[in-house]
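*Asks:* File name entry.pdb; file contents PDB, C-alpha atoms; full text below.
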```
ATOM      1  CA  MET Y  25    -109.728  48.601 -18.721
ATOM      2  CA  ASP Y  26    -111.950  47.939 -15.779
ATOM      3  CA  ARG Y  27    -110.386  47.151 -12.483
ATOM      4  CA  PRO Y  28    -112.039  45.056  -9.852
ATOM      5  CA  ARG Y  29    -114.237  47.285  -7.768
ATOM      6  CA  SER Y  30    -112.518  46.514  -4.531
ATOM      7  CA  ILE Y  31    -109.319  47.881  -5.981
ATOM      8  CA  CYS Y  32    -110.946  50.797  -7.742
ATOM      9  CA  ASN Y  33    -111.873  52.026  -4.343
ATOM     10  CA  HIS Y  34    -108.565  51.181  -2.782
ATOM     11  CA  PRO Y  35    -107.539  54.487  -1.259
ATOM     12  CA  VAL Y  36    -104.117  54.439  -2.893
ATOM     13  CA  VAL Y  37    -105.601  54.217  -6.317
ATOM     14  CA  GLY Y  38    -107.554  57.411  -5.869
ATOM     15  CA  THR Y  39    -106.637  59.737  -3.043
ATOM     16  CA  GLU Y  40    -109.157  62.309  -4.107
ATOM     17  CA  GLN Y  41    -111.790  59.650  -4.313
ATOM     18  CA  GLN Y  42    -110.930  58.534  -0.792
ATOM     19  CA  VAL Y  43    -111.145  62.035   0.629
ATOM     20  CA  ARG Y  44    -114.560  62.271  -0.948
ATOM     21  CA  THR Y  45    -115.536  58.915   0.460
ATOM     22  CA  ASP Y  46    -114.465  60.053   3.890
ATOM     23  CA  ARG Y  47    -116.597  63.131   3.555
ATOM     24  CA  VAL Y  48    -119.517  60.982   2.489
ATOM     25  CA  PHE Y  49    -119.175  58.646   5.446
ATOM     26  CA  SER Y  50    -118.813  61.516   7.881
ATOM     27  CA  ALA Y  51    -121.936  63.059   6.443
ATOM     28  CA  LEU Y  52    -123.819  59.787   6.700
ATOM     29  CA  GLY Y  53    -122.724  59.249  10.273
ATOM     30  CA  ASP Y  54    -125.446  61.408  11.732
ATOM     31  CA  ALA Y  55    -129.063  60.390  12.265
ATOM     32  CA  THR Y  56    -130.505  63.802  11.360
ATOM     33  CA  ARG Y  57    -128.578  63.934   8.126
ATOM     34  CA  ARG Y  58    -129.651  60.430   7.230
ATOM     35  CA  ASP Y  59    -133.229  61.448   7.906
ATOM     36  CA  ILE Y  60    -132.831  64.494   5.669
ATOM     37  CA  LEU Y  61    -131.553  62.178   2.951
ATOM     38  CA  ARG Y  62    -134.549  59.900   3.336
ATOM     39  CA  ARG Y  63    -136.976  62.800   3.103
ATOM     40  CA  THR Y  64    -135.280  64.408   0.131
ATOM     41  CA  ALA Y  65    -134.743  61.169  -1.788
ATOM     42  CA  THR Y  66    -138.233  61.314  -3.221
ATOM     43  CA  GLY Y  67    -138.316  65.012  -3.977
ATOM     44  CA  GLY Y  68    -137.110  68.464  -3.111
ATOM     45  CA  HIS Y  69    -137.760  70.042   0.276
ATOM     46  CA  SER Y  70    -136.938  73.527   1.426
ATOM     47  CA  VAL Y  71    -134.683  73.837   4.459
ATOM     48  CA  SER Y  72    -137.490  75.513   6.403
ATOM     49  CA  SER Y  73    -139.901  72.673   5.700
ATOM     50  CA  LEU Y  74    -137.235  70.158   6.689
ATOM     51  CA  ALA Y  75    -136.542  72.066   9.887
ATOM     52  CA  ARG Y  76    -140.111  71.496  11.089
ATOM     53  CA  HIS Y  77    -139.310  67.815  11.572
ATOM     54  CA  TYR Y  78    -136.446  68.358  13.983
ATOM     55  CA  ALA Y  79    -136.162  69.780  17.459
ATOM     56  CA  MET Y  80    -133.403  72.143  16.455
ATOM     57  CA  SER Y  81    -132.934  75.587  15.043
ATOM     58  CA  LEU Y  82    -133.203  76.402  11.377
ATOM     59  CA  ALA Y  83    -129.514  77.312  11.427
ATOM     60  CA  ALA Y  84    -128.636  73.862  12.787
ATOM     61  CA  VAL Y  85    -130.619  72.188  10.017
ATOM     62  CA  GLN Y  86    -128.943  74.470   7.511
ATOM     63  CA  LYS Y  87    -125.587  73.260   8.799
ATOM     64  CA  HIS Y  88    -126.608  69.640   8.349
ATOM     65  CA  VAL Y  89    -127.719  70.357   4.802
ATOM     66  CA  ALA Y  90    -124.398  72.091   4.127
ATOM     67  CA  VAL Y  91    -122.484  69.007   5.293
ATOM     68  CA  LEU Y  92    -124.567  66.846   2.978
ATOM     69  CA  GLU Y  93    -124.022  69.277   0.142
ATOM     70  CA  ARG Y  94    -120.258  69.299   0.642
ATOM     71  CA  ALA Y  95    -120.299  65.514   0.498
ATOM     72  CA  GLU Y  96    -122.295  65.836  -2.724
ATOM     73  CA  LEU Y  97    -125.079  63.761  -1.227
ATOM     74  CA  VAL Y  98    -127.653  66.502  -1.845
ATOM     75  CA  THR Y  99    -127.979  69.331  -4.309
ATOM     76  CA  LYS Y 100    -129.863  72.594  -3.999
ATOM     77  CA  HIS Y 101    -132.048  73.971  -6.732
ATOM     78  CA  ARG Y 102    -133.834  77.272  -6.782
ATOM     79  CA  ARG Y 103    -137.583  77.192  -7.267
ATOM     80  CA  GLY Y 104    -139.060  80.630  -7.161
ATOM     81  CA  ARG Y 105    -138.010  82.193  -3.869
ATOM     82  CA  GLU Y 106    -137.158  78.867  -2.315
ATOM     83  CA  GLN Y 107    -134.120  76.656  -2.455
ATOM     84  CA  LEU Y 108    -135.044  73.009  -2.641
ATOM     85  CA  VAL Y 109    -132.797  70.310  -1.254
ATOM     86  CA  THR Y 110    -132.760  67.053  -3.186
ATOM     87  CA  ALA Y 111    -130.862  63.872  -2.363
ATOM     88  CA  GLU Y 112    -128.401  62.546  -4.899
ATOM     89  CA  VAL Y 113    -129.539  58.952  -4.837
ATOM     90  CA  ALA Y 114    -126.631  57.803  -7.006
ATOM     91  CA  ALA Y 115    -124.124  59.168  -4.484
ATOM     92  CA  VAL Y 116    -125.801  57.331  -1.624
ATOM     93  CA  ARG Y 117    -125.697  54.176  -3.704
ATOM     94  CA  ASP Y 118    -121.989  54.774  -4.326
ATOM     95  CA  ALA Y 119    -121.320  54.968  -0.609
ATOM     96  CA  ARG Y 120    -123.111  51.707  -0.159
ATOM     97  CA  ARG Y 121    -120.980  50.144  -2.865
ATOM     98  CA  GLN Y 122    -117.802  51.330  -1.159
ATOM     99  CA  LEU Y 123    -118.771  49.540   2.009
ATOM    100  CA  GLU Y 124    -119.687  46.433   0.077
ATOM    101  CA  ASP Y 125    -116.281  46.574  -1.571
ATOM    102  CA  LEU Y 126    -114.581  46.776   1.784
ATOM    103  CA  GLU Y 127    -116.452  43.671   2.815
ATOM    104  CA  ALA Y 128    -115.594  41.942  -0.435
ATOM    105  CA  LEU Y 129    -111.928  42.764   0.053
ATOM    106  CA  TRP Y 130    -111.909  41.103   3.451
ATOM    107  CA  ARG Y 131    -114.024  38.200   2.341
ATOM    108  CA  GLY Y 132    -111.512  37.611  -0.456
ATOM    109  CA  ARG Y 133    -108.635  37.787   1.986
ATOM    110  CA  LEU Y 134    -110.221  35.264   4.306
ATOM    111  CA  ASP Y 135    -110.976  32.926   1.389
ATOM    112  CA  ARG Y 136    -107.383  33.077   0.217
ATOM    113  CA  PHE Y 137    -106.220  32.677   3.801
ATOM    114  CA  SER Y 138    -108.022  29.298   3.939
ATOM    115  CA  GLU Y 139    -106.511  28.258   0.633
ATOM    116  CA  VAL Y 140    -102.948  29.119   1.639
ATOM    117  CA  LEU Y 141    -103.423  27.355   4.939
ATOM    118  CA  ALA Y 142    -104.723  24.243   3.209
ATOM    119  CA  GLU Y 143    -101.729  24.217   0.867
ATOM    120  CA  LEU Y 144     -99.212  24.628   3.659
ATOM    121  CA  PRO Y 145     -97.023  21.510   3.680
ATOM    122  CA  PRO Y 146     -97.493  19.346   6.750
ATOM    123  CA  GLY Y 147     -94.789  19.281   9.362
ATOM    124  CA  PRO Y 148     -93.531  21.371  12.220
ATOM    125  CA  THR Y 149     -94.059  25.092  11.959
ATOM    126  CA  ARG Y 150     -91.073  27.315  11.468
ATOM    127  CA  THR Y 151     -90.228  30.729  12.730
ATOM    128  CA  PRO Y 152     -89.579  32.622   9.546
ATOM    129  CA  ASP Y 153     -86.710  35.000   9.070
ATOM    130  CA  PRO Y 154     -88.382  38.162   7.803
ATOM    131  CA  THR Y 155     -85.340  39.186   5.780
ATOM    132  CA  ARG Y 156     -85.158  36.013   3.765
ATOM    133  CA  PRO Y 157     -87.473  34.099   1.496
ATOM    134  CA  LEU Y 158     -88.989  31.053   3.075
ATOM    135  CA  ASP Y 159     -86.603  28.085   3.215
ATOM    136  CA  PRO Y 160     -88.051  24.648   2.849
ATOM    137  CA  THR Y 161     -87.531  22.421   5.885
ATOM    138  CA  PRO Y 162     -84.303  20.535   5.271
ATOM    139  CA  PRO Y 163     -85.820  17.130   4.534
ATOM    140  CA  LEU Y 164     -82.588  15.184   4.808
ATOM    141  CA  ARG Y 165     -81.839  16.329   8.344
ATOM    142  CA  LYS Y 166     -85.392  15.676   9.391
ATOM    143  CA  ALA Y 167     -85.242  12.149   7.969
ATOM    144  CA  LYS Y 168     -81.959  11.498   9.791
ATOM    145  CA  GLU Y 169     -83.398  12.692  13.080
ATOM    146  CA  GLN Y 170     -86.345  10.404  12.668
ATOM    147  CA  LEU Y 171     -84.050   7.443  12.023
ATOM    148  CA  ARG Y 172     -82.197   7.919  15.285
TER     149      ARG Y 172
ATOM    150  CA  MET E  17    -113.386  25.249   5.768
ATOM    151  CA  THR E  18    -113.838  28.773   6.892
ATOM    152  CA  VAL E  19    -116.888  29.699   8.849
ATOM    153  CA  LEU E  20    -117.326  33.398   8.469
ATOM    154  CA  ASP E  21    -119.150  35.651  10.817
ATOM    155  CA  VAL E  22    -119.317  39.400  10.789
ATOM    156  CA  VAL E  23    -120.450  41.361  13.798
ATOM    157  CA  PRO E  24    -120.589  45.121  13.788
ATOM    158  CA  ASP E  25    -120.314  46.995  17.056
ATOM    159  CA  ARG E  26    -121.875  50.396  16.708
ATOM    160  CA  ASP E  27    -120.462  51.818  19.910
ATOM    161  CA  ALA E  28    -116.921  50.728  19.279
ATOM    162  CA  LYS E  29    -117.197  51.388  15.530
ATOM    163  CA  THR E  30    -115.642  48.090  14.785
ATOM    164  CA  LEU E  31    -116.300  45.256  12.460
ATOM    165  CA  THR E  32    -115.410  41.838  13.795
ATOM    166  CA  LEU E  33    -114.617  39.071  11.359
ATOM    167  CA  THR E  34    -114.487  35.553  12.699
ATOM    168  CA  ALA E  35    -113.140  32.583  10.814
ATOM    169  CA  GLU E  36    -112.378  29.069  11.922
ATOM    170  CA  TYR E  37    -109.657  26.899  10.533
ATOM    171  CA  ASP E  38    -108.958  23.233  10.833
ATOM    172  CA  ALA E  39    -105.322  23.838  11.758
ATOM    173  CA  PRO E  40    -103.400  24.527  14.948
ATOM    174  CA  VAL E  41    -102.762  28.086  16.091
ATOM    175  CA  GLU E  42     -99.068  27.927  15.147
ATOM    176  CA  ARG E  43     -99.870  27.134  11.547
ATOM    177  CA  VAL E  44    -102.504  29.839  11.236
ATOM    178  CA  TRP E  45    -100.038  32.297  12.770
ATOM    179  CA  GLN E  46     -97.550  31.460  10.025
ATOM    180  CA  LEU E  47     -99.800  33.098   7.463
ATOM    181  CA  TRP E  48     -99.255  36.393   9.269
ATOM    182  CA  ALA E  49     -95.689  35.856  10.386
ATOM    183  CA  ASP E  50     -94.229  34.607   7.147
ATOM    184  CA  PRO E  51     -93.997  37.319   4.473
ATOM    185  CA  ARG E  52     -94.004  34.779   1.642
ATOM    186  CA  LEU E  53     -97.257  33.320   2.921
ATOM    187  CA  LEU E  54     -98.765  36.697   3.806
ATOM    188  CA  GLU E  55     -98.365  37.985   0.278
ATOM    189  CA  ARG E  56    -100.277  35.001  -1.057
ATOM    190  CA  TRP E  57    -103.510  36.111   0.566
ATOM    191  CA  TRP E  58    -103.225  39.829   1.364
ATOM    192  CA  GLY E  59    -103.658  41.122  -2.174
ATOM    193  CA  PRO E  60    -106.411  40.070  -4.569
ATOM    194  CA  PRO E  61    -105.312  37.768  -7.409
ATOM    195  CA  THR E  62    -105.504  40.677  -9.837
ATOM    196  CA  TYR E  63    -103.371  42.838  -7.541
ATOM    197  CA  PRO E  64    -100.868  40.448  -6.003
ATOM    198  CA  ALA E  65     -98.996  41.765  -2.993
ATOM    199  CA  LYS E  66     -95.230  41.729  -2.617
ATOM    200  CA  VAL E  67     -93.958  42.195   0.927
ATOM    201  CA  SER E  68     -90.606  44.012   0.967
ATOM    202  CA  GLU E  69     -90.252  44.542   4.699
ATOM    203  CA  HIS E  70     -91.669  42.412   7.464
ATOM    204  CA  ASP E  71     -90.837  43.218  11.054
ATOM    205  CA  LEU E  72     -93.485  41.864  13.372
ATOM    206  CA  ARG E  73     -92.285  43.592  16.522
ATOM    207  CA  PRO E  74     -93.910  46.487  18.330
ATOM    208  CA  GLY E  75     -92.871  49.569  16.365
ATOM    209  CA  GLY E  76     -91.903  47.439  13.389
ATOM    210  CA  THR E  77     -93.309  47.842   9.918
ATOM    211  CA  VAL E  78     -94.605  45.544   7.253
ATOM    212  CA  VAL E  79     -94.286  47.140   3.843
ATOM    213  CA  TYR E  80     -96.059  45.874   0.773
ATOM    214  CA  VAL E  81     -96.922  46.852  -2.737
ATOM    215  CA  MET E  82     -99.763  45.465  -4.777
ATOM    216  CA  THR E  83     -99.277  45.529  -8.524
ATOM    217  CA  GLY E  84    -102.181  45.652 -10.924
ATOM    218  CA  PRO E  85    -102.610  44.213 -14.401
ATOM    219  CA  GLU E  86    -101.328  47.393 -16.002
ATOM    220  CA  GLY E  87     -98.351  47.724 -13.731
ATOM    221  CA  ASP E  88    -100.088  50.235 -11.509
ATOM    222  CA  GLU E  89     -99.013  50.037  -7.901
ATOM    223  CA  ALA E  90    -100.902  50.337  -4.644
ATOM    224  CA  LYS E  91     -98.491  50.781  -1.755
ATOM    225  CA  GLY E  92     -99.329  50.201   1.838
ATOM    226  CA  PHE E  93     -97.774  49.315   5.153
ATOM    227  CA  TRP E  94     -98.557  48.276   8.670
ATOM    228  CA  ARG E  95     -97.269  49.830  11.848
ATOM    229  CA  VAL E  96     -97.143  47.006  14.328
ATOM    230  CA  THR E  97     -98.411  48.118  17.727
ATOM    231  CA  ALA E  98     -98.482  44.857  19.662
ATOM    232  CA  VAL E  99     -97.543  41.284  18.997
ATOM    233  CA  ASP E 100     -97.739  38.076  21.004
ATOM    234  CA  PRO E 101     -96.761  35.148  18.785
ATOM    235  CA  PRO E 102     -98.621  32.987  17.949
ATOM    236  CA  HIS E 103    -101.675  34.426  19.665
ATOM    237  CA  SER E 104    -102.216  38.030  18.699
ATOM    238  CA  LEU E 105    -101.165  40.867  16.499
ATOM    239  CA  ALA E 106    -102.244  44.499  16.409
ATOM    240  CA  PHE E 107    -101.333  46.928  13.698
ATOM    241  CA  ASP E 108    -102.326  50.147  12.000
ATOM    242  CA  ASP E 109    -102.974  49.655   8.325
ATOM    243  CA  LEU E 110    -101.844  52.654   6.315
ATOM    244  CA  PHE E 111    -101.454  53.627   2.700
ATOM    245  CA  GLY E 112     -98.398  55.015   1.013
ATOM    246  CA  VAL E 113     -94.900  54.265   2.304
ATOM    247  CA  PRO E 114     -93.560  54.583   5.886
ATOM    248  CA  ASP E 115     -91.552  57.729   5.058
ATOM    249  CA  ALA E 116     -94.530  59.306   3.372
ATOM    250  CA  PRO E 117     -97.831  57.917   4.575
ATOM    251  CA  ALA E 118    -100.739  58.990   2.440
ATOM    252  CA  ALA E 119    -102.050  62.138   4.085
ATOM    253  CA  ASP E 120    -105.704  62.609   4.965
ATOM    254  CA  LEU E 121    -106.386  58.938   4.563
ATOM    255  CA  PRO E 122    -107.990  56.950   7.315
ATOM    256  CA  VAL E 123    -105.863  54.634   9.363
ATOM    257  CA  THR E 124    -107.511  51.290   9.815
ATOM    258  CA  ARG E 125    -106.629  49.548  13.029
ATOM    259  CA  ALA E 126    -106.614  45.798  13.108
ATOM    260  CA  VAL E 127    -106.360  43.389  16.000
ATOM    261  CA  VAL E 128    -105.985  39.733  15.165
ATOM    262  CA  THR E 129    -106.462  37.072  17.822
ATOM    263  CA  LEU E 130    -105.916  33.368  17.365
ATOM    264  CA  THR E 131    -107.379  30.972  19.903
ATOM    265  CA  PRO E 132    -107.305  27.195  19.876
ATOM    266  CA  THR E 133    -110.597  25.383  19.538
ATOM    267  CA  GLY E 134    -111.246  21.674  19.940
ATOM    268  CA  SER E 135    -110.452  21.003  16.311
ATOM    269  CA  GLY E 136    -108.377  23.928  15.182
ATOM    270  CA  THR E 137    -108.146  27.672  15.466
ATOM    271  CA  ARG E 138    -110.551  30.529  15.714
ATOM    272  CA  MET E 139    -109.248  33.704  14.150
ATOM    273  CA  VAL E 140    -110.951  36.887  15.230
ATOM    274  CA  MET E 141    -110.062  40.051  13.472
ATOM    275  CA  VAL E 142    -111.368  43.300  14.841
ATOM    276  CA  SER E 143    -111.132  46.075  12.326
ATOM    277  CA  SER E 144    -111.864  49.604  13.416
ATOM    278  CA  PHE E 145    -113.801  51.519  10.861
ATOM    279  CA  PRO E 146    -112.334  54.479   8.992
ATOM    280  CA  THR E 147    -112.681  57.823  10.750
ATOM    281  CA  SER E 148    -116.393  58.362  10.961
ATOM    282  CA  GLU E 149    -119.478  56.442  11.892
ATOM    283  CA  ALA E 150    -119.388  54.603   8.606
ATOM    284  CA  LEU E 151    -120.211  51.440  10.476
ATOM    285  CA  ASP E 152    -123.419  52.938  11.755
ATOM    286  CA  GLN E 153    -124.378  53.556   8.213
ATOM    287  CA  LEU E 154    -123.439  50.073   7.193
ATOM    288  CA  VAL E 155    -125.762  48.657   9.797
ATOM    289  CA  GLU E 156    -128.590  51.029   8.985
ATOM    290  CA  MET E 157    -128.508  50.345   5.297
ATOM    291  CA  GLY E 158    -128.535  46.603   5.790
ATOM    292  CA  MET E 159    -125.227  46.259   4.072
ATOM    293  CA  LEU E 160    -124.267  43.143   5.906
ATOM    294  CA  GLU E 161    -127.153  41.244   4.409
ATOM    295  CA  GLY E 162    -125.111  40.079   1.433
ATOM    296  CA  LEU E 163    -122.455  38.681   3.667
ATOM    297  CA  ARG E 164    -124.983  37.086   5.988
ATOM    298  CA  GLN E 165    -126.523  35.365   3.004
ATOM    299  CA  ALA E 166    -123.116  34.089   1.964
ATOM    300  CA  VAL E 167    -122.575  32.761   5.465
ATOM    301  CA  GLY E 168    -125.950  31.061   5.282
ATOM    302  CA  GLN E 169    -125.036  29.467   1.969
ATOM    303  CA  ILE E 170    -121.797  28.128   3.400
ATOM    304  CA  ASP E 171    -123.677  26.721   6.358
ATOM    305  CA  ALA E 172    -126.150  25.068   4.005
ATOM    306  CA  LEU E 173    -123.316  23.466   2.079
ATOM    307  CA  LEU E 174    -121.728  22.208   5.272
ATOM    308  CA  THR E 175    -124.904  20.599   6.590
ATOM    309  CA  ALA E 176    -126.056  19.200   3.219
TER     310      ALA E 176
END
```
Could you spell out this file's structure in structure tokens?
*Replies:*
Amino acid sequence: MDRPRSICNHPVVGTEQQVRTDRVFSALGDATRRDILRRTATGGHSVSSLARHYAMSLAAVQKHVAVLERAELVTKHRRGREQLVTAEVAAVRDARRQLEDLEALWRGRLDRFSEVLAELPPGPTRTPDPTRPLDPTPPLRKAKEQLR
Amino acid sequence: MTVLDVVPDRDAKTLTLTAEYDAPVERVWQLWADPRLLERWWGPPTYPAKVSEHDLRPGGTVVYVMTGPEGDEAKGFWRVTAVDPPHSLAFDDLFGVPDAPAADLPVTRAVVTLTPTGSGTRMVMVSSFPTSEALDQLVEMGMLEGLRQAVGQIDALLTA
């Protein structure tokens, strides 16, 4: 049975999934790597051709590609003597969905927050005892006090 | 009616949620301070939360479990870092149980501030983003658009 997405991605439900998500977000948190993703989203590029776009060494670009590969955001395929880097568009879309879910979770919480607040019975606020379920305000005593 | 606003701060890697309520600060605070009320909004309807421990003091913990339609459980807890009733609350939001927090999982930090407005309360919740620069990504990919549209729709309803 399908679970709501926001819960599917709840870290408790899938620890492995969350570790992966973390890896994905770390990988996405770098401008060069995001640029590599953009370039490789439409087709394969060799690391050396990618490296021409950045003011850094080939080894540094290779490292960025490795981070993306570990996060499963890109794959490498051999073509002749070259290895071509290609973005996994579905994985990028997944990451986007995770963030949307996080937003949805909080939006849901805030919606429910309003509802609970609206349903809260009128009257003075109480300091709740955390160890006990909420007691209703003793109405009789309150009525007596008001009569005095 | 809740007016929702979401402001990302790239430098601080935080997401700020702002909501306004037509109720005094003390009443809004109750929804955090009362475990029976907290559990009514913390978990989604399909995964209702049950709060088993609720100690809103610095160093205290709030322990909850959310139970799904098939009896599957999602456990989580807060480590309260600062509290100033009924004005503010800061906690780390973790997964697992206090004795065995889920390893390798990001700790989300939350700071809730309630301030009185002319007609009610403004609740600002600053949520620090998990580990990396995920927020950066969120901004870059225009992920807040959906929420902005929702905010716009609410505004349209309010002014109609």
*Asks:* Taking 6 positions as the minimum chain separation for residues in the same chain, which residues sit within 12 Å of range 67-70 of chain Y when counting all atoms listed in the file? Answer as an NGL selection string.
*Replies:* :Y and (60-61 or 76-77 or 82 or 85-86 or 89 or 98-113)
*Asks:* If I take CA of Leu130 in chain E and CA of Ala128 in chain Y, how far is one from the other in Å, to one decimal?
*Replies:* 22.0 Å
*Asks:* Near range 84-96 of chain E, counting all atoms listed in the file, which residues have an atom at most 6 Å away, once you skip same-chain residues fewer than 6 positions from it, shown as a PyMOL selection string?
*Replies:* (chain Y and resi 36) or (chain E and resi 63+74-78+107-112)
*Asks:* At a cut-off of 7 Å, using only C-alpha atoms, what residues contact Pro102 in chain E? Leave out same-chain residues fewer than 3 positions from it and give the result as an MDAnalysis selection string.
*Replies:* chainID E and resid 41:42 45
*Asks:* Keeping only C-alpha atoms, write the selected residues to a file as an mmCIF file, in the coordinates of the input.
*Replies:*
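Dumped to out-v8.cif:
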```
data_model
loop_
_atom_site.group_PDB
_atom_site.id
_atom_site.type_symbol
_atom_site.label_atom_id
_atom_site.label_comp_id
_atom_site.auth_asym_id
_atom_site.auth_seq_id
_atom_site.Cartn_x
_atom_site.Cartn_y
_atom_site.Cartn_z
ATOM 1 C CA VAL E 41 -102.762 28.086 16.091
ATOM 2 C CA GLU E 42 -99.068 27.927 15.147
ATOM 3 C CA TRP E 45 -100.038 32.297 12.770
#
```
*Asks:* Within 12 Å of Ser135 in chain E, counting only C-alpha atoms, which residues show up once you throw out same-chain ones fewer than 4 positions away? Write them as number ranges by chain, please.
*Replies:* E: 17, 36-41, 131
*Asks:* Would you kindly translate the PyMOL selection byres ((chain E and resi 103) around 12) into the concrete residues it picks from this file, as a ChimeraX atom specification?
*Replies:* /E:40-46,48-49,98-102,104-106,127-132,137-141
*Asks:* Take range 59-72 of chain Y, bring it up to N, CA and C atoms, and give me the output as an mmCIF file, in the coordinates of the input.
*Replies:*
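New file rebuild-v2.cif:
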```cif
data_model
loop_
_atom_site.group_PDB
_atom_site.id
_atom_site.type_symbol
_atom_site.label_atom_id
_atom_site.label_comp_id
_atom_site.auth_asym_id
_atom_site.auth_seq_id
_atom_site.Cartn_x
_atom_site.Cartn_y
_atom_site.Cartn_z
ATOM 1 N N ASP Y 59 -131.792 61.206 8.025
ATOM 2 C CA ASP Y 59 -133.229 61.448 7.906
ATOM 3 C C ASP Y 59 -133.519 62.474 6.809
ATOM 4 N N ILE Y 60 -132.673 63.492 6.738
ATOM 5 C CA ILE Y 60 -132.831 64.494 5.669
ATOM 6 C C ILE Y 60 -132.695 63.808 4.308
ATOM 7 N N LEU Y 61 -131.750 62.899 4.218
ATOM 8 C CA LEU Y 61 -131.553 62.178 2.951
ATOM 9 C C LEU Y 61 -132.789 61.362 2.585
ATOM 10 N N ARG Y 62 -133.350 60.707 3.592
ATOM 11 C CA ARG Y 62 -134.549 59.900 3.336
ATOM 12 C C ARG Y 62 -135.694 60.772 2.831
ATOM 13 N N ARG Y 63 -135.866 61.922 3.484
ATOM 14 C CA ARG Y 63 -136.976 62.800 3.103
ATOM 15 C C ARG Y 63 -136.777 63.409 1.726
ATOM 16 N N THR Y 64 -135.517 63.708 1.399
ATOM 17 C CA THR Y 64 -135.280 64.408 0.131
ATOM 18 C C THR Y 64 -134.997 63.449 -1.027
ATOM 19 N N ALA Y 65 -135.022 62.151 -0.734
ATOM 20 C CA ALA Y 65 -134.743 61.169 -1.788
ATOM 21 C C ALA Y 65 -135.878 61.108 -2.797
ATOM 22 N N THR Y 66 -137.077 61.431 -2.328
ATOM 23 C CA THR Y 66 -138.233 61.314 -3.221
ATOM 24 C C THR Y 66 -138.655 62.650 -3.810
ATOM 25 N N GLY Y 67 -137.974 63.721 -3.423
ATOM 26 C CA GLY Y 67 -138.316 65.012 -3.977
ATOM 27 C C GLY Y 67 -137.716 66.144 -3.178
ATOM 28 N N GLY Y 68 -137.728 67.326 -3.761
ATOM 29 C CA GLY Y 68 -137.110 68.464 -3.111
ATOM 30 C C GLY Y 68 -137.897 68.993 -1.927
ATOM 31 N N HIS Y 69 -137.166 69.398 -0.897
ATOM 32 C CA HIS Y 69 -137.760 70.042 0.276
ATOM 33 C C HIS Y 69 -136.960 71.298 0.574
ATOM 34 N N SER Y 70 -137.670 72.327 1.003
ATOM 35 C CA SER Y 70 -136.938 73.527 1.426
ATOM 36 C C SER Y 70 -136.359 73.282 2.817
ATOM 37 N N VAL Y 71 -135.313 74.013 3.144
ATOM 38 C CA VAL Y 71 -134.683 73.837 4.459
ATOM 39 C C VAL Y 71 -135.691 74.136 5.569
ATOM 40 N N SER Y 72 -136.528 75.162 5.349
ATOM 41 C CA SER Y 72 -137.490 75.513 6.403
ATOM 42 C C SER Y 72 -138.529 74.408 6.602
#
```
